[in-house]
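J.: Mind looking over this structure? Questions follow.
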2 protein chains.
Amino acid sequence: MATQSEALTGEMFIGAARVRGAAGTFRGHDPARGAWLEPAYGGGTPADVERACQLAWAAFDAFRDTDLETRARLLETAAQRILDLGDALIERACAESGLPRGRIEGERGRTVGQLRLFAEVVRGGEWLEARIDPALPQRQPAPRSDLRQRHIAVGPVAVFGASNFPLAFSVAGGDTASALAAGCPVVVKAHNAHPGTSELVGRALRQAVADCGLPEGVFSLLFASGNEVGTALVADPRIKSVGFTGSRRGGTALMKVAAARAEPIPVFAEMSSINPVYLLPAALTARGADIGRKFVASLTLGAGQFCTNPGLVLAVESPGLDTFIEAAAAVLRDSPCATMLTPGIHAAYDEGVGRLTAHSRVKSVARGVATNGPNQSRAALFTTDAGSFLGDPALQEEVFGSSSLVVRCESVEAVRAVTEHLEGQLTATLQMDEADIPLARQLLPVLERKAGRILVNGFPTGVEVCHAMVHGGPFPATSDPRATSVGSLAIRRFLRPVCYQDLPQELLPQSLRDGNPLELWRRVDGKLVPPSEPRR
Amino acid sequence: MATQSEALTGEMFIGAARVRGAAGTFRGHDPARGAWLEPAYGGGTPADVERACQLAWAAFDAFRDTDLETRARLLETAAQRILDLGDALIERACAESGLPRGRIEGERGRTVGQLRLFAEVVRGGEWLEARIDPALPQRQPAPRSDLRQRHIAVGPVAVFGASNFPLAFSVAGGDTASALAAGCPVVVKAHNAHPGTSELVGRALRQAVADCGLPEGVFSLLFASGNEVGTALVADPRIKSVGFTGSRRGGTALMKVAAARAEPIPVFAEMSSINPVYLLPAALTARGADIGRKFVASLTLGAGQFCTNPGLVLAVESPGLDTFIEAAAAVLRDSPCATMLTPGIHAAYDEGVGRLTAHSRVKSVARGVATNGPNQSRAALFTTDAGSFLGDPALQEEVFGSSSLVVRCESVEAVRAVTEHLEGQLTATLQMDEADIPLARQLLPVLERKAGRILVNGFPTGVEVCHAMVHGGPFPATSDPRATSVGSLAIRRFLRPVCYQDLPQELLPQSLRDGNPLELWRRVDGKLVPPSEPRR
């Protein structure tokens with residue numbers, strides 16, 4: 001493949017055109033070496049945003065009208081084109097993120113798998129949610145019209161790449177895959193932490209669009225030297241939805257821009273979560289030390305740079321809790337430093353850990369091994385008590401990285417009170433044994449209100465891409481708890497229903513025609529009818 | 001039933017308690033007679049909002065956990081209790097709305113039917129969208145956990161009664177029915193145009209909650225003498241979603257309050273639509289006069305006080321169009337006055353019609369019969385040309401009532417240009433014959449982008465409550481085109497997904513347990529499995 005050997009150019013993709021951004025320059029950065037990477041990237045201008053949105057809009061009607069097979073092939077071709085980038089992609093992503101090769105290779109697998117899963121989803125056509133309520137011409141007192149419903153794409157989607165997943169939540173990540181699957185053109189704003197990775201993946205996507213003979217506006221990739229491009233993108237009237245993974249500050253800023261538009265649009269922002277882990281008494285007694293060790297493995301994975309990192313532990317005071325803390329502290333003290341994604345993230349982590357260290361109601365239990373390299377994270381474990389936690393909202397602010405706070409609770413009631421006091425979360429985890437079931441049953445209704453995913457005897461890091469996954473949750477975990485950004489349900493964010501009343505067959509979309517030509521599951525008079533039973 | 005004979009008290013229902021609002025008083029009003037109605041209603045205070053939200057929150061976990069049968073019975077009991085109100089309800093609703101008895105009886109039927117439809121929806125359990133991705137312990141490179149997903153209620157919902165549907169979109173209307181079906185307690189802010197109707201229906205709902213042994217906070221009804229109650233309700237942290245039908249000004253004001261909360265929440269506001277009707281050439285030639293007469297029947301139905309009232313007509317200049325206009329004008333000139341809902345709505349209608357009448361680029365074609373009674377609407381028909389329409393955004397502002405503007409277009413291109421220029425709509429209608437199919441096919445993609453429902457050879461008034469209905473559309477038709485406020489899909493507004501990872505059977509909700517005890521359709525590994533095939 002030609003792509004592999006081509007050098008990076010530092011240019012954006014505005015549809016099929018390579019465009020050098022004229023608004024300032026920036027470079028990728030190797031956090032492990034503390035070194036800047038070539039080439040220089042030019043930041044986009046409002047005119048570039050305008051052009052990308054114009055192309056996306058021009059492509060929209062044609063793209064959303066492509067048949068399911070074409071759309072699925074686009075996603076599969078994108079997956080293959082990403083693989084075709086070969087080692088150049090892996091090396092650049094490792095260099096720009098400081099993440100180890102195994103992790104980046106795994107993330108590539110996940111990204112490719114995600115695109116292929118959505119290809120399958122597109123082909124299945126269930127996302128169309130075809131519904132048919134046949135006419136009832138004899139009904140009294142008034143006849144019923146023939147009413148049919150399907151879902152269509154909402155319009156061009158703006159996607160913001162995430163710092164912590166240079167592949168799986170960036171240019172061709174979950175937001176892009178689900179938006180394209182829905183039939184929405186995508187304009188990506190690359191994350192500045194990995195412009196080279198973004199350019200490579202953008203190249204793969206751009207080629208996939210061309211390979212499939214689709215309009216160039218289906219995909220554009222913008223770089224930005226400041227906030228102007230992102231703000232202009234969300235404000236552009238042709239953009240109809242936004243996918244974002246990042247900080248609470250960034251996400252809420254975009255929510256404000258979107259709400260202030262003449263036509264407000266939804267923002268699906270995945271922002272901030274401390275992912276409470278509950279250590280229930282019987283489990284603590286039986287295996288406190290083992291849980292402690294596994295907990296630290298989850299906490300320090302990928303330098304703790306996961307949205308689902310376990311930043312909070314809740315348990316009732318007990319000897320088992322002491323055992324847990326001792327075991328966790330012992331492992332943590334031996335855990336090596338890890339390179340963080342960017343100097344900014346590293347500085348924010350050190351500041352967050354420093355704030356906890358200096359906090360009068362917080363006790364520092366252990367730190368990981370110190371080192372002198374650049375952007376190195378030292379894991380950190382702290383304890384406090386329920387009263388202190390309840391008294392200071394700052395204690396539930398996310399410290400992005402491998403820092404966690406154990407809240408020692410005097411009673412089950414205190415655990416409950418702390419839980420009710422929590423903001424919305426992506427996950428909540430119960431470490432429990434058989435004897436803990438009654439207590440777990442008490443906690444579950446509260447956890448359901450607080451989190452999008454509830455785990456038993458696992459750890460929240462590691463988000464399976466499947467049909468039942470929910471990577472979402474009440475604010476500030478996300479901007480809209482009714483959505484997930486991982487798993488096949490993610491497509492729903494970018495769809496809206498349309499009803500067709502008494503349309504002649506030749507004007508109806510294929511999915512709603514008599515005889516069920518697409519062989520879809522459809523709801524007829526409210527009852528699901530399989531493809532094999534074409535009731536009309 | 002005791003309810004029928006009980007006099008109105010002017011009190012709110014805050015859970016089980018009858019509470020007299022202390023913030024000012026207001027009365028119902030008979031617009032046909034121009035007379036105030038007894039009793040006086042006391043407006044709620046922020047403390048009343050606080051108490052209603054507190055009760056709703058306290059009821060939430062228990063209510064959302066009720067079994068499907070109990071929830072369905074609540075809805076059916078509410079329907080029966082509304083019927084039990086008997087003639088007292090019909091008389092009061094007629095008096096407060098100026099709407100004829102037949103319409104109000106029909107609306108009661110629709111309201112009751114809607115509650116019963118949602119009872120069926122609840123029992124069916126498809127809204128749970130149960131998904132199961134079984135564990136794959138042998139998978140390489142890493143095993144997969146057992147992952148299961150269902151949908152749960154988002155939390156207490158604030159519902160704002162609409163002026164134009166004193167029953168079907170008010171205290172026990174579509175928003176309330178779908179929110180209760182989802183398992184959300186509801187706090188209704190009654191519309192001031194029909195407090196007596198609201199009190200009666202509130203009584204029925206209150207009794208249904210008690211009949212079913214549910215916590216009192218499942219339903220509260222507030223009155224308000226100003227905007228303070230509504231604002232406080234949407235701002236209350238225990239309210240998690242909002243249903244609203246009304247003006248664009250009112251809806252966008254609530255959207256701003258919701259977006260400014262510490263935890264922003266969605267507002268499902270159905271606001272403003274002019275529902276374009278396209279008269280295609282062959283249909284105009286074949287039956288221009290007939291379409292004109294039917295159009296006026298739709299335009300003047302219920303004094304034009306429908307969200308789906310056809311306020312805009314688009315056609316290419318032709319003799320057929322002249323025939324349409326002449327026939328419509330003739331019928332309209334003879335159409336009797338009709339009482340409007342409130343003096344405010346009547347004044348706004350007269351002002352809107354006056355604005356069009358005085359507009360230099362608009363020609364007044366016909367007015368309905370004049371009369372001297374209070375709050376009487378005279379239908380109005382205007383014409384303009386495409387250039388003028390494109391040049392003045394004010395010409396696409398909704399005039400709530402039976403006023404419509406025909407845009408004479410010089411060409412199909414002008415029709416397309418006007419269409420692209422339109423804001424979001426609830427509906428778009430094509431009047432067409434066989435020979436118009438190619439043109440209709442050209443227009444459809446644009447109409448799909450602009451409207452939630454597309455009709456052929458019908459008129460948009462009359463919104464069927466069924467599974468395939470979409471009563472929604474892009475802003476400003478609604479605040480979120482991904483939702484409908486009519487039909488069974490309306491329940492989705494108030495649900496969010498939750499994922500359960502590796503939970504033991506006894507902690508899983510019934511809907512997700514092995515053996516499928518609720519006999520639901522479930523998606524196993526992404527494939528729909530009927531209740532009869534319990535794959536696990």
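Note on naming: chains are A, B, ... as they come in the structure tokens, residues start from 1 per chain, ligands start from 1 in the order shown.
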Any idea what's packed within 8 Å of region 311-326 of chain B, counting only C-alpha atoms, ignoring anything in its chain fewer than 5 positions away? Could you give it as an MDAnalysis selection string?

T.: chainID B and resid 274:281 284:292 299 398:399 402:412 415

J.: Please run DSSP on the backbone and report, as a short mmCIF file (atom, residue, chain, number, x, y, z; two decimals) with C-alpha atoms, in the first residue's frame, all residues within region 121-354 of chain B that come out as alpha helix (DSSP H).

T.:
```cif
data_model
loop_
_atom_site.label_atom_id
_atom_site.label_comp_id
_atom_site.auth_asym_id
_atom_site.auth_seq_id
_atom_site.Cartn_x
_atom_site.Cartn_y
_atom_site.Cartn_z
CA VAL B 121 -46.66 -0.78 25.76
CA VAL B 122 -45.61 -1.22 29.39
CA ARG B 123 -46.89 -4.80 29.48
CA GLY B 124 -45.14 -5.68 26.22
CA GLY B 174 -49.23 12.15 26.13
CA ASP B 175 -46.26 13.43 28.11
CA THR B 176 -47.68 12.25 31.43
CA ALA B 177 -48.78 8.89 30.03
CA SER B 178 -45.38 8.14 28.48
CA ALA B 179 -43.44 9.35 31.53
CA LEU B 180 -45.52 7.23 33.92
CA ALA B 181 -45.18 4.29 31.53
CA ALA B 182 -41.40 4.68 31.67
CA PRO B 195 -57.50 25.05 35.76
CA GLY B 196 -60.87 23.42 36.44
CA THR B 197 -60.30 20.73 33.81
CA SER B 198 -56.83 20.23 35.27
CA GLU B 199 -58.15 19.90 38.80
CA LEU B 200 -60.67 17.28 37.70
CA VAL B 201 -58.13 15.23 35.77
CA GLY B 202 -55.61 15.67 38.58
CA ARG B 203 -58.19 14.23 40.94
CA ALA B 204 -58.60 11.21 38.65
CA LEU B 205 -54.84 10.66 38.48
CA ARG B 206 -54.45 11.17 42.21
CA GLN B 207 -57.12 8.54 42.84
CA ALA B 208 -55.53 6.14 40.38
CA VAL B 209 -52.21 6.41 42.24
CA ALA B 210 -54.01 5.66 45.52
CA ASP B 211 -56.11 2.85 43.99
CA GLU B 228 -41.94 31.34 38.78
CA VAL B 229 -43.37 27.87 39.40
CA GLY B 230 -42.45 26.56 35.96
CA THR B 231 -38.94 27.93 36.15
CA ALA B 232 -38.39 26.55 39.65
CA LEU B 233 -39.73 23.18 38.53
CA VAL B 234 -37.33 22.87 35.58
CA ALA B 235 -34.46 24.13 37.75
CA ARG B 248 -41.62 28.94 20.89
CA ARG B 249 -40.95 31.64 23.43
CA GLY B 250 -42.08 29.45 26.31
CA GLY B 251 -40.23 26.38 25.08
CA THR B 252 -36.93 28.12 24.43
CA ALA B 253 -37.15 29.82 27.84
CA LEU B 254 -37.42 26.41 29.51
CA MET B 255 -34.56 25.06 27.36
CA LYS B 256 -32.37 27.88 28.68
CA VAL B 257 -33.29 27.12 32.29
CA ALA B 258 -32.56 23.42 31.74
CA ALA B 259 -29.21 24.08 30.04
CA PRO B 281 -48.91 20.38 -10.76
CA ALA B 282 -50.84 17.31 -11.92
CA ALA B 283 -52.93 17.24 -8.74
CA LEU B 284 -53.64 20.97 -9.07
CA THR B 285 -54.75 20.58 -12.65
CA ALA B 286 -56.92 17.57 -11.92
CA ARG B 287 -58.54 18.70 -8.69
CA GLY B 288 -57.44 22.18 -7.64
CA ALA B 289 -60.90 23.18 -6.44
CA ASP B 290 -61.42 20.02 -4.44
CA ILE B 291 -58.03 20.37 -2.74
CA GLY B 292 -58.89 24.01 -1.97
CA ARG B 293 -62.10 23.04 -0.18
CA LYS B 294 -60.47 20.24 1.80
CA PHE B 295 -57.57 22.51 2.67
CA VAL B 296 -59.90 25.09 4.23
CA ALA B 297 -61.63 22.36 6.24
CA SER B 298 -58.24 21.42 7.72
CA LEU B 299 -57.23 25.05 8.17
CA THR B 300 -60.35 26.03 10.10
CA PRO B 319 -54.25 27.95 -13.71
CA GLY B 320 -54.75 25.05 -11.32
CA LEU B 321 -53.26 27.13 -8.53
CA ASP B 322 -55.69 29.96 -9.32
CA THR B 323 -58.53 27.45 -9.17
CA PHE B 324 -57.26 26.20 -5.81
CA ILE B 325 -57.06 29.71 -4.41
CA GLU B 326 -60.49 30.70 -5.72
CA ALA B 327 -62.14 27.59 -4.30
CA ALA B 328 -60.36 27.95 -0.98
CA ALA B 329 -61.29 31.62 -0.80
CA ALA B 330 -64.92 30.88 -1.55
CA VAL B 331 -65.22 28.32 1.23
CA LEU B 332 -63.22 30.40 3.62
CA ARG B 333 -65.42 33.47 3.09
CA ASP B 334 -68.37 31.39 4.23
CA PRO B 343 -58.18 36.18 24.96
CA GLY B 344 -54.37 36.09 24.74
CA ILE B 345 -54.39 33.57 21.90
CA HIS B 346 -57.14 35.53 20.17
CA ALA B 347 -55.21 38.78 20.44
CA ALA B 348 -52.03 37.14 19.15
CA TYR B 349 -53.98 35.70 16.21
CA ASP B 350 -55.50 39.04 15.32
CA GLU B 351 -52.10 40.65 15.58
CA GLY B 352 -50.50 38.02 13.35
CA VAL B 353 -53.25 38.34 10.76
CA GLY B 354 -52.98 42.12 10.98
#
```

J.: Could you produce a table of the residues of chain B lying within 8 Å of chain A, with the nearest pair of atoms per residue and their separation in Å rounded to one decimal, using only C-alpha atoms, ordered by chain and increasing residue number, as CSV?

T.:
```
residue,atom,partner,partner_atom,distance
B:Asp61,CA,A:Pro445,CA,6.7
B:Arg131,CA,A:Ala468,CA,5.4
B:Ile132,CA,A:Ala468,CA,6.0
B:Asp133,CA,A:Ala468,CA,6.0
B:Arg144,CA,A:Glu464,CA,7.4
B:Leu147,CA,A:Ala468,CA,5.8
B:Arg148,CA,A:Ala468,CA,5.2
B:Gln149,CA,A:Ala468,CA,4.9
B:Val154,CA,A:Arg449,CA,7.9
B:Lys256,CA,A:Ala259,CA,7.8
B:Ala259,CA,A:Ala259,CA,7.1
B:Glu263,CA,A:Phe475,CA,5.9
B:Pro264,CA,A:Ser479,CA,7.4
B:Ile265,CA,A:Asp480,CA,7.5
B:Pro266,CA,A:Asp480,CA,7.9
B:Ile437,CA,A:Leu507,CA,7.5
B:Ala440,CA,A:Leu507,CA,7.8
B:Arg441,CA,A:Leu507,CA,6.4
B:Pro445,CA,A:Asp61,CA,6.6
B:Glu448,CA,A:Val498,CA,7.0
B:Arg449,CA,A:Val154,CA,7.9
B:Ala451,CA,A:Val498,CA,7.5
B:Gly452,CA,A:Val498,CA,4.9
B:Arg453,CA,A:Cys499,CA,4.5
B:Ile454,CA,A:Tyr500,CA,5.0
B:Leu455,CA,A:Gln501,CA,4.5
B:Val456,CA,A:Leu503,CA,5.5
B:Asn457,CA,A:Asp502,CA,7.5
B:Gly458,CA,A:Asp502,CA,7.9
B:Glu464,CA,A:Arg144,CA,7.5
B:Cys466,CA,A:Asp133,CA,7.3
B:His467,CA,A:Gly526,CA,5.8
B:Ala468,CA,A:Gln149,CA,4.9
B:Met469,CA,A:Cys499,CA,5.9
B:Val470,CA,A:Cys499,CA,5.4
B:Phe475,CA,A:Glu263,CA,5.9
B:Pro476,CA,A:Glu263,CA,7.3
B:Ser479,CA,A:Pro264,CA,7.4
B:Asp480,CA,A:Ile265,CA,7.6
B:Pro481,CA,A:Arg496,CA,6.1
B:Arg482,CA,A:Arg496,CA,4.2
B:Ala483,CA,A:Arg496,CA,7.0
B:Thr484,CA,A:Pro497,CA,7.9
B:Leu495,CA,A:Arg482,CA,6.6
B:Arg496,CA,A:Arg482,CA,4.2
B:Pro497,CA,A:Arg482,CA,6.3
B:Val498,CA,A:Gly452,CA,4.9
B:Cys499,CA,A:Arg453,CA,4.5
B:Tyr500,CA,A:Ile454,CA,5.0
B:Gln501,CA,A:Leu455,CA,4.6
B:Asp502,CA,A:Val456,CA,5.6
B:Leu503,CA,A:Val456,CA,5.5
B:Pro504,CA,A:Val456,CA,7.9
B:Leu507,CA,A:Arg441,CA,6.4
B:Asp525,CA,A:His467,CA,6.8
B:Gly526,CA,A:His467,CA,5.8
```

J.: If you count only C-alpha atoms, which residues fall within 8 Å of Ser364 (chain B), apart from same-chain ones fewer than 4 positions away, as a VMD selection string?

T.: chain B and resid 356 to 357 380 to 383

J.: Write the residues of the selection above to a file with N, CA and C atoms, as a PDB file, in the first residue's frame.

T.:
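Generated file (out.pdb):
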```
ATOM      1  N   LEU B 356     -49.792  40.333   8.582  1.00  0.00           N
ATOM      2  CA  LEU B 356     -49.800  39.854   7.198  1.00  0.00           C
ATOM      3  C   LEU B 356     -50.626  40.775   6.309  1.00  0.00           C
ATOM      4  N   THR B 357     -51.782  41.218   6.822  1.00  0.00           N
ATOM      5  CA  THR B 357     -52.659  42.092   6.051  1.00  0.00           C
ATOM      6  C   THR B 357     -51.927  43.378   5.663  1.00  0.00           C
ATOM      7  N   ALA B 380     -58.281  33.330   7.701  1.00  0.00           N
ATOM      8  CA  ALA B 380     -57.635  34.279   6.796  1.00  0.00           C
ATOM      9  C   ALA B 380     -56.737  33.550   5.810  1.00  0.00           C
ATOM     10  N   LEU B 381     -56.786  33.996   4.555  1.00  0.00           N
ATOM     11  CA  LEU B 381     -55.941  33.406   3.526  1.00  0.00           C
ATOM     12  C   LEU B 381     -55.179  34.508   2.802  1.00  0.00           C
ATOM     13  N   PHE B 382     -53.891  34.295   2.666  1.00  0.00           N
ATOM     14  CA  PHE B 382     -53.014  35.284   2.048  1.00  0.00           C
ATOM     15  C   PHE B 382     -52.200  34.640   0.935  1.00  0.00           C
ATOM     16  N   THR B 383     -51.702  35.479   0.050  1.00  0.00           N
ATOM     17  CA  THR B 383     -50.720  34.980  -0.929  1.00  0.00           C
ATOM     18  C   THR B 383     -49.503  35.896  -0.937  1.00  0.00           C
TER      19      THR B 383
END
```

J.: When you draw a straight line from CA of Glu216 (chain B) to CA of Gly246 (chain B), how long is it in Å?

T.: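 The value is 27.9 Å.
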
J.: Could you tell me how far CA of Asn227 (chain A) lies from CA of His29 (chain A), in Å and to one decimal?

T.: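 Taking CA of Asn227 (chain A) as the start and CA of His29 (chain A) as the end point, the length is 19.0 Å.
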
J.: Write down as an NGL selection string the residues of region 258-407 of chain B whose backbone DSSP state falls under strand (DSSP E).

T.: :B and (267-270 or 276-279 or 312-316 or 338-339 or 363-367 or 376-377 or 380-385 or 403-407)

J.: Rounded to one decimal, what separation in Å do you get between CA of Pro39 (chain B) and CA of Thr25 (chain B)?

T.: 9.9 Å
